[in-house]
Structures are given as C-alpha cells and as structure tokens.
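File shown: run.txt. Contents: compact mmCIF, C-alpha atoms.
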```
# COMPACT_ATOMS: atom_id res chain seq x y z
CA MET S 372 12.75 27.47 3.26
CA LYS S 373 14.11 24.10 4.37
CA VAL S 374 16.10 22.19 1.77
CA THR S 375 14.96 18.57 1.51
CA THR S 376 16.64 17.36 -1.70
CA VAL S 377 19.93 18.47 -3.25
CA GLY S 378 21.43 17.50 -6.59
CA VAL S 379 25.20 17.85 -6.82
CA ASP S 380 27.00 17.93 -10.18
CA LEU S 381 30.51 16.70 -9.39
CA ALA S 382 33.74 17.86 -11.00
CA LYS S 383 37.40 18.24 -10.05
CA ARG S 384 37.31 21.84 -8.83
CA VAL S 385 33.87 23.37 -9.50
CA PHE S 386 30.62 21.92 -8.14
CA GLN S 387 27.04 22.94 -8.96
CA LEU S 388 24.28 22.53 -6.33
CA HIS S 389 20.55 22.52 -6.96
CA GLY S 390 18.23 22.21 -3.94
CA VAL S 391 14.45 22.07 -3.56
CA ASP S 392 12.06 22.04 -0.61
CA GLN S 393 9.34 19.50 0.14
CA HIS S 394 7.02 21.13 -2.43
CA GLY S 395 9.61 21.03 -5.20
CA ARG S 396 10.37 24.76 -5.18
CA VAL S 397 13.96 25.77 -5.91
CA VAL S 398 15.53 27.15 -2.72
CA LEU S 399 19.23 26.53 -3.36
CA ARG S 400 21.30 27.26 -6.44
CA LYS S 401 25.05 27.58 -5.93
CA ARG S 402 28.31 27.13 -7.78
CA LEU S 403 31.08 26.24 -5.35
CA SER S 404 34.77 25.46 -5.37
CA ARG S 405 36.10 22.23 -3.91
CA SER S 406 37.15 23.88 -0.68
CA LYS S 407 33.71 25.49 -0.16
CA LEU S 408 31.57 22.41 -0.92
CA THR S 409 32.14 20.70 2.44
CA GLU S 410 31.54 23.94 4.33
CA CYS S 411 28.25 24.58 2.52
CA LEU S 412 26.80 21.10 3.06
CA THR S 413 27.94 21.03 6.69
CA HIS S 414 25.59 23.94 7.47
CA LEU S 415 22.60 22.36 5.69
CA PRO S 416 20.08 20.37 7.76
CA PRO S 417 20.03 16.60 7.06
CA CYS S 418 18.58 16.08 3.59
CA LEU S 419 18.64 13.76 0.58
CA ILE S 420 21.66 14.30 -1.67
CA GLY S 421 21.81 12.84 -5.15
CA MET S 422 24.94 12.52 -7.26
CA GLU S 423 25.99 10.88 -10.49
CA ALA S 424 28.00 7.68 -9.96
CA CYS S 425 31.27 8.91 -11.44
CA GLY S 426 34.89 9.43 -10.40
CA GLY S 427 35.10 10.64 -6.80
CA ALA S 428 31.39 10.05 -6.12
CA HIS S 429 31.95 7.36 -3.47
CA TYR S 430 34.42 9.58 -1.61
CA TRP S 431 31.95 12.48 -1.47
CA ALA S 432 29.10 10.12 -0.59
CA ARG S 433 30.96 8.84 2.46
CA LYS S 434 31.87 12.39 3.44
CA PHE S 435 28.27 13.62 3.17
CA GLN S 436 26.98 10.60 5.09
CA GLN S 437 29.29 11.52 7.96
CA MET S 438 27.54 14.91 8.05
CA GLY S 439 24.18 13.17 8.58
CA HIS S 440 22.84 13.41 5.04
CA GLU S 441 21.21 10.58 3.10
CA VAL S 442 23.21 10.04 -0.09
CA LYS S 443 22.13 8.19 -3.23
CA LEU S 444 24.22 7.61 -6.34
CA ILE S 445 22.59 7.29 -9.76
CA SER S 446 23.99 5.73 -12.90
CA PRO S 447 24.59 8.40 -15.60
CA GLN S 448 22.24 6.82 -18.17
CA PHE S 449 19.32 7.21 -15.76
CA ILE S 450 19.99 10.94 -15.31
CA LYS S 451 20.18 11.78 -19.01
CA PRO S 452 16.37 11.74 -19.64
CA TYR S 453 15.88 14.44 -16.98
CA VAL S 454 18.31 16.93 -18.53
CA LYS S 455 16.37 19.87 -20.00
CA SER S 456 17.55 21.73 -23.08
CA ASN S 457 21.32 22.11 -23.43
CA LYS S 458 23.84 20.33 -21.24
CA ASN S 459 25.57 22.45 -18.62
CA ASP S 460 26.41 22.18 -14.93
CA TYR S 461 23.21 23.85 -13.77
CA ASN S 462 20.94 21.65 -15.92
CA ASP S 463 22.87 18.55 -14.83
CA ALA S 464 22.44 19.40 -11.13
CA GLU S 465 18.73 20.07 -11.68
CA ALA S 466 18.36 16.73 -13.51
CA ILE S 467 20.12 14.87 -10.68
CA CYS S 468 17.84 16.54 -8.13
CA GLU S 469 14.79 15.49 -10.14
CA ALA S 470 16.00 11.93 -10.76
CA VAL S 471 16.90 11.20 -7.13
CA SER S 472 13.33 12.02 -6.05
CA ARG S 473 11.74 9.45 -8.39
CA PRO S 474 10.26 6.54 -6.39
CA GLN S 475 11.20 3.89 -8.99
CA MET S 476 14.77 5.09 -9.58
CA ARG S 477 17.61 2.57 -9.33
CA PHE S 478 20.61 3.53 -7.25
CA VAL S 479 24.26 2.52 -7.03
CA PRO S 480 25.40 1.33 -3.57
CA VAL S 481 27.97 3.54 -1.87
CA LYS S 482 31.30 1.75 -1.54
CA GLY S 483 33.33 1.74 1.64
CA VAL S 484 37.07 2.28 1.70
CA ALA S 485 37.74 -1.46 2.06
CA HIS S 486 35.65 -2.24 -1.02
CA GLN S 487 37.44 0.43 -3.02
CA ASP S 488 40.78 -1.06 -2.00
CA ILE S 489 39.75 -4.43 -3.43
CA GLN S 490 38.36 -2.83 -6.57
CA ALA S 491 41.62 -0.91 -7.07
CA LEU S 492 43.58 -4.18 -6.92
CA HIS S 493 41.36 -5.74 -9.59
CA ARG S 494 41.58 -2.71 -11.86
CA ILE S 495 45.36 -2.60 -11.59
CA ARG S 496 45.61 -6.30 -12.38
CA GLU S 497 43.27 -5.91 -15.36
CA ARG S 498 45.35 -3.02 -16.71
CA LEU S 499 48.56 -5.02 -16.35
CA ILE S 500 47.04 -8.01 -18.14
CA GLY S 501 45.97 -5.72 -21.00
CA ALA S 502 49.47 -4.25 -21.15
CA ARG S 503 50.97 -7.75 -21.26
CA THR S 504 48.63 -8.79 -24.06
CA ALA S 505 49.61 -5.71 -26.07
CA LEU S 506 53.29 -6.39 -25.44
CA VAL S 507 53.00 -10.01 -26.58
CA ASN S 508 51.05 -9.03 -29.70
CA GLN S 509 53.64 -6.41 -30.59
CA THR S 510 56.47 -8.89 -30.07
CA ARG S 511 54.83 -11.49 -32.30
CA GLY S 512 54.07 -8.86 -34.96
CA LEU S 513 57.64 -7.55 -35.02
CA LEU S 514 59.08 -11.06 -35.18
CA ALA S 515 56.83 -11.83 -38.14
CA GLU S 516 58.56 -9.02 -40.05
CA TYR S 517 61.79 -11.04 -39.73
CA GLY S 518 60.11 -14.23 -40.91
CA ILE S 519 59.76 -15.70 -37.42
CA VAL S 520 56.19 -16.73 -36.64
CA LEU S 521 55.22 -17.68 -33.09
CA PRO S 522 52.01 -19.40 -31.97
CA GLN S 523 49.44 -17.33 -30.14
CA GLY S 524 49.53 -17.02 -26.37
CA VAL S 525 51.71 -15.53 -23.65
CA ASN S 526 53.21 -18.90 -22.75
CA GLN S 527 54.34 -19.47 -26.33
CA VAL S 528 56.26 -16.17 -26.34
CA ARG S 529 57.81 -16.94 -22.95
CA LYS S 530 58.88 -20.34 -24.24
CA HIS S 531 60.23 -19.47 -27.70
CA LEU S 532 61.66 -15.96 -27.37
CA PRO S 533 64.77 -16.93 -25.32
CA CYS S 534 65.57 -19.63 -27.89
CA ILE S 535 65.16 -17.13 -30.73
CA LEU S 536 67.57 -14.72 -29.04
CA GLU S 537 70.17 -17.50 -28.68
CA ASP S 538 69.78 -18.79 -32.25
CA ALA S 539 72.55 -17.22 -34.35
CA ASP S 540 71.19 -18.54 -37.68
CA ASN S 541 67.70 -16.97 -37.72
CA GLY S 542 68.76 -13.78 -39.50
CA LEU S 543 68.25 -11.32 -36.63
CA THR S 544 70.72 -8.44 -36.51
CA SER S 545 72.49 -7.46 -33.31
CA LEU S 546 70.23 -4.41 -32.96
CA ALA S 547 67.11 -6.53 -33.39
CA ARG S 548 68.36 -8.94 -30.72
CA GLU S 549 68.84 -6.02 -28.32
CA VAL S 550 65.27 -4.83 -29.03
CA PHE S 551 63.70 -8.25 -28.49
CA ALA S 552 65.82 -8.83 -25.37
CA ASP S 553 64.38 -5.60 -23.94
CA LEU S 554 60.87 -6.75 -24.83
CA TYR S 555 61.48 -10.07 -23.07
CA GLU S 556 62.74 -8.28 -19.96
CA HIS S 557 59.68 -6.04 -20.07
CA LEU S 558 57.45 -9.11 -20.30
CA GLN S 559 59.12 -10.64 -17.25
CA ALA S 560 58.68 -7.37 -15.31
CA VAL S 561 54.98 -7.21 -16.17
CA ASP S 562 54.59 -10.87 -15.14
CA GLU S 563 56.11 -10.03 -11.78
CA GLN S 564 53.75 -7.07 -11.33
CA ILE S 565 50.73 -9.23 -12.16
CA ALA S 566 51.91 -11.89 -9.72
CA ALA S 567 52.30 -9.23 -7.00
CA ALA S 568 48.75 -7.96 -7.62
CA GLU S 569 47.41 -11.52 -7.48
CA ARG S 570 49.23 -12.15 -4.21
CA ARG S 571 47.55 -9.08 -2.72
CA ILE S 572 44.15 -10.32 -3.92
CA GLU S 573 44.93 -13.73 -2.43
CA ARG S 574 45.79 -12.06 0.89
CA VAL S 575 42.50 -10.18 0.88
CA PHE S 576 40.65 -13.39 0.01
CA ARG S 577 42.23 -15.34 2.87
CA SER S 578 41.33 -12.63 5.39
CA HIS S 579 37.71 -12.22 4.21
CA PRO S 580 35.26 -14.90 5.48
CA ILE S 581 32.49 -13.86 3.08
CA CYS S 582 34.78 -14.23 0.06
CA GLN S 583 35.79 -17.71 1.21
CA LYS S 584 32.12 -18.61 1.56
CA LEU S 585 31.38 -17.44 -1.98
CA ALA S 586 34.33 -19.44 -3.36
CA GLN S 587 32.57 -22.66 -2.33
CA VAL S 588 30.38 -22.34 -5.44
CA ASN S 589 31.57 -24.30 -8.49
CA GLY S 590 33.16 -21.93 -11.00
CA VAL S 591 33.86 -19.22 -8.41
CA GLY S 592 37.36 -18.58 -7.12
CA ARG S 593 39.23 -15.87 -5.30
CA PHE S 594 39.04 -13.38 -8.18
CA ILE S 595 35.27 -13.63 -8.67
CA ALA S 596 34.57 -13.65 -4.93
CA THR S 597 36.64 -10.57 -4.14
CA ALA S 598 35.48 -8.68 -7.25
CA LEU S 599 31.83 -9.37 -6.42
CA VAL S 600 32.18 -8.19 -2.82
CA ALA S 601 33.98 -5.06 -4.02
CA ALA S 602 31.25 -4.33 -6.59
CA VAL S 603 28.02 -5.04 -4.70
CA GLY S 604 28.95 -5.29 -1.02
CA GLU S 605 26.13 -7.19 0.70
CA GLY S 606 23.91 -7.16 -2.40
CA ARG S 607 21.02 -5.41 -0.63
CA GLU S 608 20.43 -3.10 -3.59
CA PHE S 609 18.98 -6.03 -5.58
CA ARG S 610 15.56 -7.46 -4.78
CA ASN S 611 16.51 -10.95 -5.93
CA GLY S 612 19.21 -12.93 -7.66
CA ARG S 613 17.81 -12.15 -11.09
CA GLY S 614 18.32 -8.46 -10.37
CA LEU S 615 22.02 -9.09 -9.87
CA ALA S 616 22.20 -11.23 -13.02
CA ALA S 617 20.43 -8.49 -14.99
CA TRP S 618 22.82 -5.85 -13.61
CA LEU S 619 25.73 -8.00 -14.80
CA GLY S 620 24.23 -8.26 -18.29
CA LEU S 621 23.68 -12.03 -18.05
CA VAL S 622 19.98 -12.00 -19.01
CA PRO S 623 18.45 -11.81 -22.51
CA ARG S 624 17.74 -8.49 -24.17
CA GLN S 625 14.08 -7.95 -24.95
CA HIS S 626 12.52 -6.39 -28.04
CA SER S 627 8.80 -6.97 -27.59
CA THR S 628 5.78 -5.13 -28.94
CA ALA S 629 2.00 -5.65 -29.16
CA GLY S 630 2.17 -8.37 -26.54
CA LYS S 631 4.57 -10.46 -28.62
CA PRO S 632 7.70 -11.25 -26.58
CA LYS S 633 10.99 -11.47 -28.42
CA LEU S 634 14.18 -12.38 -26.55
CA LEU S 635 17.62 -11.75 -28.01
CA GLY S 636 21.17 -12.40 -26.80
CA ILE S 637 22.42 -11.32 -23.39
CA SER S 638 22.24 -7.59 -22.71
CA LYS S 639 25.95 -7.19 -21.73
CA ARG S 640 25.08 -4.27 -19.45
CA GLY S 641 26.55 -3.38 -16.10
CA ASN S 642 29.91 -4.53 -14.76
CA CYS S 643 31.68 -6.03 -17.79
CA TYR S 644 34.75 -7.09 -15.76
CA LEU S 645 32.71 -9.14 -13.30
CA ARG S 646 30.60 -10.58 -16.11
CA LYS S 647 33.76 -11.71 -17.90
CA LEU S 648 35.07 -13.42 -14.77
CA LEU S 649 31.78 -15.24 -14.18
CA ILE S 650 31.64 -16.47 -17.78
CA HIS S 651 35.25 -17.68 -17.56
CA GLY S 652 34.26 -19.54 -14.39
CA GLY S 653 31.27 -20.98 -16.23
CA ARG S 654 33.53 -22.25 -18.99
CA ALA S 655 35.63 -24.07 -16.40
CA VAL S 656 32.49 -25.74 -15.02
CA VAL S 657 31.38 -26.77 -18.53
CA ARG S 658 34.83 -28.15 -19.34
CA HIS S 659 34.98 -30.32 -16.22
CA ALA S 660 31.33 -31.46 -16.24
CA GLN S 661 31.88 -34.13 -18.89
CA GLY S 662 31.61 -37.63 -17.39
CA LYS S 663 30.41 -36.50 -13.94
CA THR S 664 27.11 -37.76 -12.53
CA ASP S 665 26.07 -35.05 -10.05
CA ALA S 666 22.96 -32.96 -10.76
CA GLN S 667 24.78 -29.83 -11.90
CA SER S 668 27.14 -31.70 -14.22
CA ARG S 669 24.25 -33.59 -15.85
CA TRP S 670 22.39 -30.30 -16.41
CA VAL S 671 25.48 -28.60 -17.84
CA THR S 672 26.32 -31.52 -20.12
CA ALA S 673 22.76 -31.74 -21.46
CA LEU S 674 22.66 -27.97 -22.06
CA LYS S 675 26.00 -28.05 -23.86
CA GLN S 676 24.84 -30.84 -26.16
CA ARG S 677 21.61 -29.00 -26.88
CA ARG S 678 22.80 -25.37 -27.23
CA GLY S 679 26.60 -25.40 -27.38
CA GLY S 680 29.45 -24.62 -25.01
CA ASN S 681 29.21 -20.81 -25.05
CA ILE S 682 25.52 -20.70 -24.14
CA ALA S 683 26.11 -23.32 -21.45
CA ALA S 684 28.92 -21.19 -19.96
CA VAL S 685 26.70 -18.09 -19.86
CA ALA S 686 23.88 -20.12 -18.29
CA VAL S 687 26.25 -21.33 -15.56
CA ALA S 688 27.41 -17.73 -15.00
CA ASN S 689 23.80 -16.59 -14.68
CA LYS S 690 23.00 -19.35 -12.22
CA ASN S 691 26.14 -18.66 -10.19
CA ALA S 692 25.24 -14.96 -9.99
CA ARG S 693 21.88 -15.86 -8.45
CA ILE S 694 23.49 -18.29 -6.02
CA LEU S 695 26.08 -15.71 -4.99
CA TRP S 696 23.35 -13.15 -4.31
CA ALA S 697 21.57 -15.64 -2.05
CA LEU S 698 24.79 -16.38 -0.15
CA LEU S 699 25.55 -12.67 0.26
CA THR S 700 22.13 -11.60 1.46
CA ARG S 701 21.27 -14.61 3.63
CA GLY S 702 24.68 -15.28 5.13
CA GLU S 703 24.39 -19.02 4.50
CA ASP S 704 26.96 -21.59 3.41
CA TYR S 705 26.73 -23.06 -0.05
CA ARG S 706 24.79 -26.32 -0.19
CA GLN S 707 25.49 -28.23 -3.37
CA ALA S 708 22.60 -30.13 -4.98
CA ALA S 709 22.60 -33.85 -4.30
```

Mind converting the file's structure to structure tokens?
Amino acid sequence: MKVTTVGVDLAKRVFQLHGVDQHGRVVLRKRLSRSKLTECLTHLPPCLIGMEACGGAHYWARKFQQMGHEVKLISPQFIKPYVKSNKNDYNDAEAICEAVSRPQMRFVPVKGVAHQDIQALHRIRERLIGARTALVNQTRGLLAEYGIVLPQGVNQVRKHLPCILEDADNGLTSLAREVFADLYEHLQAVDEQIAAAERRIERVFRSHPICQKLAQVNGVGRFIATALVAAVGEGREFRNGRGLAAWLGLVPRQHSTAGKPKLLGISKRGNCYLRKLLIHGGRAVVRHAQGKTDAQSRWVTALKQRRGGNIAAVAVANKNARILWALLTRGEDYRQAA
C-alpha cells in the first residue's frame, strides 16, 4: 500500500511514525532511532508529513522537504483533541497523522535557517535582559538589608551603585563592598552582552530590505521588524491582517452563547514576545501623539481620552500588525495617511 500521510512524533533520540494510505488505513507503524529516521523517510514516496511544532521541528521539516515530501507543522494545542486514550508516542503520532489531514487545520510556517538565526538573536537578547532585571532586583534587595534604598530601574542602579561603593560612611563592611563591586561588574558585563546582541540585530536590519520597509510604520523599529520577519516570514499563512493580529493575541477574547456576543480583554495568545514589542511600540506612538495634527495622532489622542493609554497602545499595536501584514504580503512601501 502507498503511504500518503505520515505523522511523526519527534523526540531527541526515539521517533514514532504512523502512516496511512489514501483510504485512511494504517500501513506504517514504526519506532525509529535518530540515525534511522532519515533513511526510512528517504525510501518513502513523496507524501504529506505532519509534525508537532516543537524543538527541532523546523530542522526536520527542512530536511524532509529536501527529500520531496510536503511538510506541515501543527501547534501542540490543536493536536491534543485527537489523542485517544492515554498519552504515549504511538497515540501522539496517530493524533498528528489525523490532525494534519483535517481541511480546516491551522499550520505553523516552516522557518528557514536565516529566520532561525534572527530568532536566536532575539531570544538571546531577551534572556540577557531578564538576567539583568534579576541582577538589578537582587542588588536593590540586598542593599535594602543594609538600609540603602535605591529607586527602581536599571539606570538608577548604574548611577548610584558606584557612589555607594565609594561612600565610606554608609555602614557597608569591606566584605559587603566586595560583593556589591562584583555585582556591579556583572551588571556591566551583561550590559555589554546585550549591546553586542543589539548590534547584531542592527546589522541584520541594515542588510534586510523588507525589515527596513516595515520600520517605516510609526511605532515599528528594528526589533519589531526583524522579530516579525523571523516569526512569520512572508505572512502567507494568514488570510488577512486580522489573522496575524489574532495570532499575536491582540484581538478580544469572546465568550458568546445563544446568539449574544460578549467580548472580553485581549486573548494574549500566540507569540508573546512579538506582542510585547508591538505594544511597547504602540505606547511610544501614544506618548508622542499629543499635540500633533495628522490623522493617526488625532485618532490616537481621541482614543486615549476616551478609553485610556493602555487600551490606546493595544489598539495601535493591533493596527500596526494589520499594516505590517499588508506590507509583507503585497511588497508595497508604507503610505502614511494624509
């Protein structure tokens, strides 16, 4: 029997395959090691391969595409309803095989190596920023135990900590000064690492024409542009701009019944990192809209007065997401409203 659809349950070393023919009959059921997986799929005729969008999925997707197979990645929450009985590798592979054949299923675009490079830069920078925040919070907390209270913020610690170390009358012991000097040196090292990651992102941005085109939108800079391209590529997986905004969690949640619509706050689904960047960009637009007379600034100012700054920032982020989708899919330059 000819295999037409294969579900692959990915792991580090052991992989489970579940294949069916055009009538849905099971014709392939194998448990393979990592070294045998490529050999097995090389000998299969071109077919549809479904996998869960998890660690290593994009690598295997590119590899299987080079063999002539059609590969589709599925978000884990869409596979869960198809798992029968208890969870194990065989049931997971069977569920993936069933889910990938559904006509209304939503799929995750396969990332190229260049897109994964950009995404790696953003993830490293985000980790370093989190580490810096933890370091600053620990420094402020430890200083408070000695009766020294610093204002919140990284800049405040950078500004005041050297003065605290030089002040001989603040009650710090010599050992405490050594500890806080090490923390300050660690903070400077993390700052240098973050700056290096941002320089790499800047270099990618300058060499990428599409990213520069996206950065023409108000509230969108090099970080949002490169992160968006790394996440969605050309945006062809979305039918319209609202689809991208919904994937980013920038649309209202719905809890409707009996024909009575009820909209709640934003869903906060999808790519939380990209959503955060877009909302930060929206806050910048809201902050600088006051006193301007162009169409966007008037709309933002009126919305802020009516609903508040946070809702206005999310609305700008939603609108920017739709504009960015249009620029990605149509290849046009941004035309600002008169």

Next item on the list: Would you list the residues near (27.0, -7.2, -11.6), meaning any protein, DNA or RNA residue with an atom at most 7 Å from that point in file coordinates, counting all atoms listed in the file, as a list in words?
Entry: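 Output of the proximity query reads Leu615, Ala616, Trp618, Leu619, Gly641, Asn642, Leu645 and Arg646 of chain S.
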
Could those residues be written to a file, using C-alpha atoms, as an mmCIF file, in the frame of the given file?
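Output saved as part.cif:
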```cif
data_model
loop_
_atom_site.group_PDB
_atom_site.id
_atom_site.type_symbol
_atom_site.label_atom_id
_atom_site.label_comp_id
_atom_site.auth_asym_id
_atom_site.auth_seq_id
_atom_site.Cartn_x
_atom_site.Cartn_y
_atom_site.Cartn_z
ATOM 1 C CA LEU S 615 22.020 -9.090 -9.870
ATOM 2 C CA ALA S 616 22.200 -11.230 -13.020
ATOM 3 C CA TRP S 618 22.820 -5.850 -13.610
ATOM 4 C CA LEU S 619 25.730 -8.000 -14.800
ATOM 5 C CA GLY S 641 26.550 -3.380 -16.100
ATOM 6 C CA ASN S 642 29.910 -4.530 -14.760
ATOM 7 C CA LEU S 645 32.710 -9.140 -13.300
ATOM 8 C CA ARG S 646 30.600 -10.580 -16.110
#
```

Checklist line | Among listed residues S:His429, S:Lys663, S:Lys373, S:His651, nearest Ala686 of chain S (using all atoms listed in the file) | finding: S:His651

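Between atom CA of Arg669 of chain S and atom CA of Val656 of chain S the interatomic distance comes to 11.4 Å.
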
Note to self: Please report the interatomic distance between atom CA of Ser406 of chain S and atom CA of Gln393 of chain S in Å with one decimal.
What the structure shows: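 Pair atom CA of Ser406 of chain S / atom CA of Gln393 of chain S returns 28.2 Å.
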
Using all atoms listed in the file, find each residue in segment 446-557 of chain S having at least one atom no more than 9 Å away from segment 565-585 of chain S; report its shortest atom-to-atom pair and that distance in Å (one decimal), rows by chain then rising number, as CSV.
```
residue,atom,partner,partner_atom,distance
S:Ile489,CA,S:Ile572,CA,7.4
S:Leu492,CA,S:Ala568,CA,6.4
S:His493,CA,S:Ile572,CA,7.8
S:Ile495,CA,S:Ala568,CA,7.5
S:Arg496,CA,S:Ile565,CA,5.9
S:Glu497,CA,S:Ile565,CA,8.8
S:Leu499,CA,S:Ile565,CA,6.3
S:Ile500,CA,S:Ile565,CA,7.1
```

Notebook entry, point to check: Taking all atoms listed in the file into account, which of S:Arg402, S:His659, S:Lys458, S:Arg654 comes nearest Val687 of chain S?
Noted result: S:Arg654

Note to self: Restricting the calculation to only C-alpha atoms: of S:Gln487, S:Gln661, S:Thr510, S:Gln527, which residue gets closest to Leu554 of chain S?
What the structure shows: S:Thr510

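Of note, atom CA of Ile467 of chain S and atom CA of Pro623 of chain S are spaced 29.2 Å apart.
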
Next item on the list: Determine, counting all atoms listed in the file, which protein, DNA and RNA residues have an atom within 10 Å of an atom of segment 672-685 of chain S; residues of the same chain fewer than 3 positions away are not included. Present the result as a ChimeraX atom specification.
Entry: /S:590,621-622,636-637,646-647,649-664,667-669,688-691

Margin query: Measuring between only C-alpha atoms, which one of S:Ile694, S:Leu634, S:Val507, S:Leu521 shows the shortest distance to Ala586 of chain S?
Written below: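 Using only C-alpha atoms, the shortest distance to Ala586 of chain S belongs to S:Ile694.
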
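If you measure from each of S:Asp460, S:Glu516, S:Asp392, S:Glu549 to Ser472 of chain S using all atoms listed in the file, the closest one turns out to be S:Asp392.
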
Notebook entry, point to check: Residues at most 12 Å from Phe435 of chain S, counting only C-alpha atoms, excluding those fewer than 5 positions away in the same chain, as number ranges by chain?
Noted result: S: 377, 379, 408-422, 428-430, 440-444, 481

Item checked: Residue nearest Asn611 of chain S - candidates S:Phe478, S:Phe594, S:Trp696, S:Tyr517, atoms counted: only C-alpha atoms ->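 Looking only at the distances to Asn611 of chain S, the closest residue turns out to be S:Trp696.
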
Complete segment 422-450 of chain S at the level of N, CA and C atoms, written as a JSON list (two decimals), in the frame of the given file.
```json
[["chain", "number", "residue", "atom", "x", "y", "z"],
["S", 422, "MET", "N", 23.77, 12.26, -6.44],
["S", 422, "MET", "CA", 24.94, 12.52, -7.26],
["S", 422, "MET", "C", 25.04, 11.46, -8.35],
["S", 423, "GLU", "N", 25.72, 11.83, -9.42],
["S", 423, "GLU", "CA", 25.99, 10.88, -10.49],
["S", 423, "GLU", "C", 27.11, 9.95, -10.05],
["S", 424, "ALA", "N", 26.97, 8.66, -10.33],
["S", 424, "ALA", "CA", 28.00, 7.68, -9.96],
["S", 424, "ALA", "C", 29.17, 7.80, -10.94],
["S", 425, "CYS", "N", 30.13, 8.65, -10.58],
["S", 425, "CYS", "CA", 31.27, 8.91, -11.44],
["S", 425, "CYS", "C", 32.53, 8.95, -10.57],
["S", 426, "GLY", "N", 33.64, 9.37, -11.14],
["S", 426, "GLY", "CA", 34.89, 9.43, -10.40],
["S", 426, "GLY", "C", 34.79, 10.36, -9.19],
["S", 427, "GLY", "N", 35.15, 9.85, -8.02],
["S", 427, "GLY", "CA", 35.10, 10.64, -6.80],
["S", 427, "GLY", "C", 33.76, 10.62, -6.10],
["S", 428, "ALA", "N", 32.73, 10.01, -6.71],
["S", 428, "ALA", "CA", 31.39, 10.05, -6.12],
["S", 428, "ALA", "C", 31.33, 9.30, -4.80],
["S", 429, "HIS", "N", 32.01, 8.16, -4.71],
["S", 429, "HIS", "CA", 31.95, 7.36, -3.47],
["S", 429, "HIS", "C", 32.66, 8.09, -2.33],
["S", 430, "TYR", "N", 33.74, 8.80, -2.64],
["S", 430, "TYR", "CA", 34.42, 9.58, -1.61],
["S", 430, "TYR", "C", 33.49, 10.65, -1.05],
["S", 431, "TRP", "N", 32.85, 11.43, -1.94],
["S", 431, "TRP", "CA", 31.95, 12.48, -1.47],
["S", 431, "TRP", "C", 30.73, 11.89, -0.78],
["S", 432, "ALA", "N", 30.25, 10.75, -1.24],
["S", 432, "ALA", "CA", 29.10, 10.12, -0.59],
["S", 432, "ALA", "C", 29.42, 9.76, 0.86],
["S", 433, "ARG", "N", 30.59, 9.17, 1.08],
["S", 433, "ARG", "CA", 30.96, 8.84, 2.46],
["S", 433, "ARG", "C", 31.12, 10.10, 3.30],
["S", 434, "LYS", "N", 31.66, 11.14, 2.72],
["S", 434, "LYS", "CA", 31.87, 12.39, 3.44],
["S", 434, "LYS", "C", 30.53, 13.03, 3.82],
["S", 435, "PHE", "N", 29.58, 13.03, 2.89],
["S", 435, "PHE", "CA", 28.27, 13.62, 3.17],
["S", 435, "PHE", "C", 27.48, 12.77, 4.18],
["S", 436, "GLN", "N", 27.66, 11.46, 4.12],
["S", 436, "GLN", "CA", 26.98, 10.60, 5.09],
["S", 436, "GLN", "C", 27.48, 10.88, 6.51],
["S", 437, "GLN", "N", 28.76, 11.18, 6.65],
["S", 437, "GLN", "CA", 29.29, 11.52, 7.96],
["S", 437, "GLN", "C", 28.68, 12.81, 8.50],
["S", 438, "MET", "N", 28.19, 13.67, 7.61],
["S", 438, "MET", "CA", 27.54, 14.91, 8.05],
["S", 438, "MET", "C", 26.08, 14.68, 8.44],
["S", 439, "GLY", "N", 25.57, 13.47, 8.24],
["S", 439, "GLY", "CA", 24.18, 13.17, 8.58],
["S", 439, "GLY", "C", 23.22, 13.18, 7.42],
["S", 440, "HIS", "N", 23.71, 13.39, 6.21],
["S", 440, "HIS", "CA", 22.84, 13.41, 5.04],
["S", 440, "HIS", "C", 22.60, 11.99, 4.52],
["S", 441, "GLU", "N", 21.48, 11.81, 3.83],
["S", 441, "GLU", "CA", 21.21, 10.58, 3.10],
["S", 441, "GLU", "C", 21.70, 10.77, 1.67],
["S", 442, "VAL", "N", 22.57, 9.89, 1.22],
["S", 442, "VAL", "CA", 23.21, 10.04, -0.09],
["S", 442, "VAL", "C", 22.82, 8.88, -0.99],
["S", 443, "LYS", "N", 22.46, 9.20, -2.23],
["S", 443, "LYS", "CA", 22.13, 8.19, -3.23],
["S", 443, "LYS", "C", 22.86, 8.51, -4.52],
["S", 444, "LEU", "N", 23.49, 7.48, -5.08],
["S", 444, "LEU", "CA", 24.22, 7.61, -6.34],
["S", 444, "LEU", "C", 23.38, 7.03, -7.47],
["S", 445, "ILE", "N", 23.40, 7.70, -8.61],
["S", 445, "ILE", "CA", 22.59, 7.29, -9.76],
["S", 445, "ILE", "C", 23.49, 7.06, -10.95],
["S", 446, "SER", "N", 23.23, 6.01, -11.69],
["S", 446, "SER", "CA", 23.99, 5.73, -12.90],
["S", 446, "SER", "C", 23.73, 6.82, -13.94],
["S", 447, "PRO", "N", 24.76, 7.26, -14.68],
["S", 447, "PRO", "CA", 24.59, 8.40, -15.60],
["S", 447, "PRO", "C", 23.48, 8.22, -16.63],
["S", 448, "GLN", "N", 23.27, 6.99, -17.14],
["S", 448, "GLN", "CA", 22.24, 6.82, -18.17],
["S", 448, "GLN", "C", 20.83, 7.04, -17.64],
["S", 449, "PHE", "N", 20.63, 6.95, -16.32],
["S", 449, "PHE", "CA", 19.32, 7.21, -15.76],
["S", 449, "PHE", "C", 19.07, 8.69, -15.49],
["S", 450, "ILE", "N", 20.13, 9.50, -15.51],
["S", 450, "ILE", "CA", 19.99, 10.94, -15.31],
["S", 450, "ILE", "C", 19.73, 11.65, -16.63]]
```
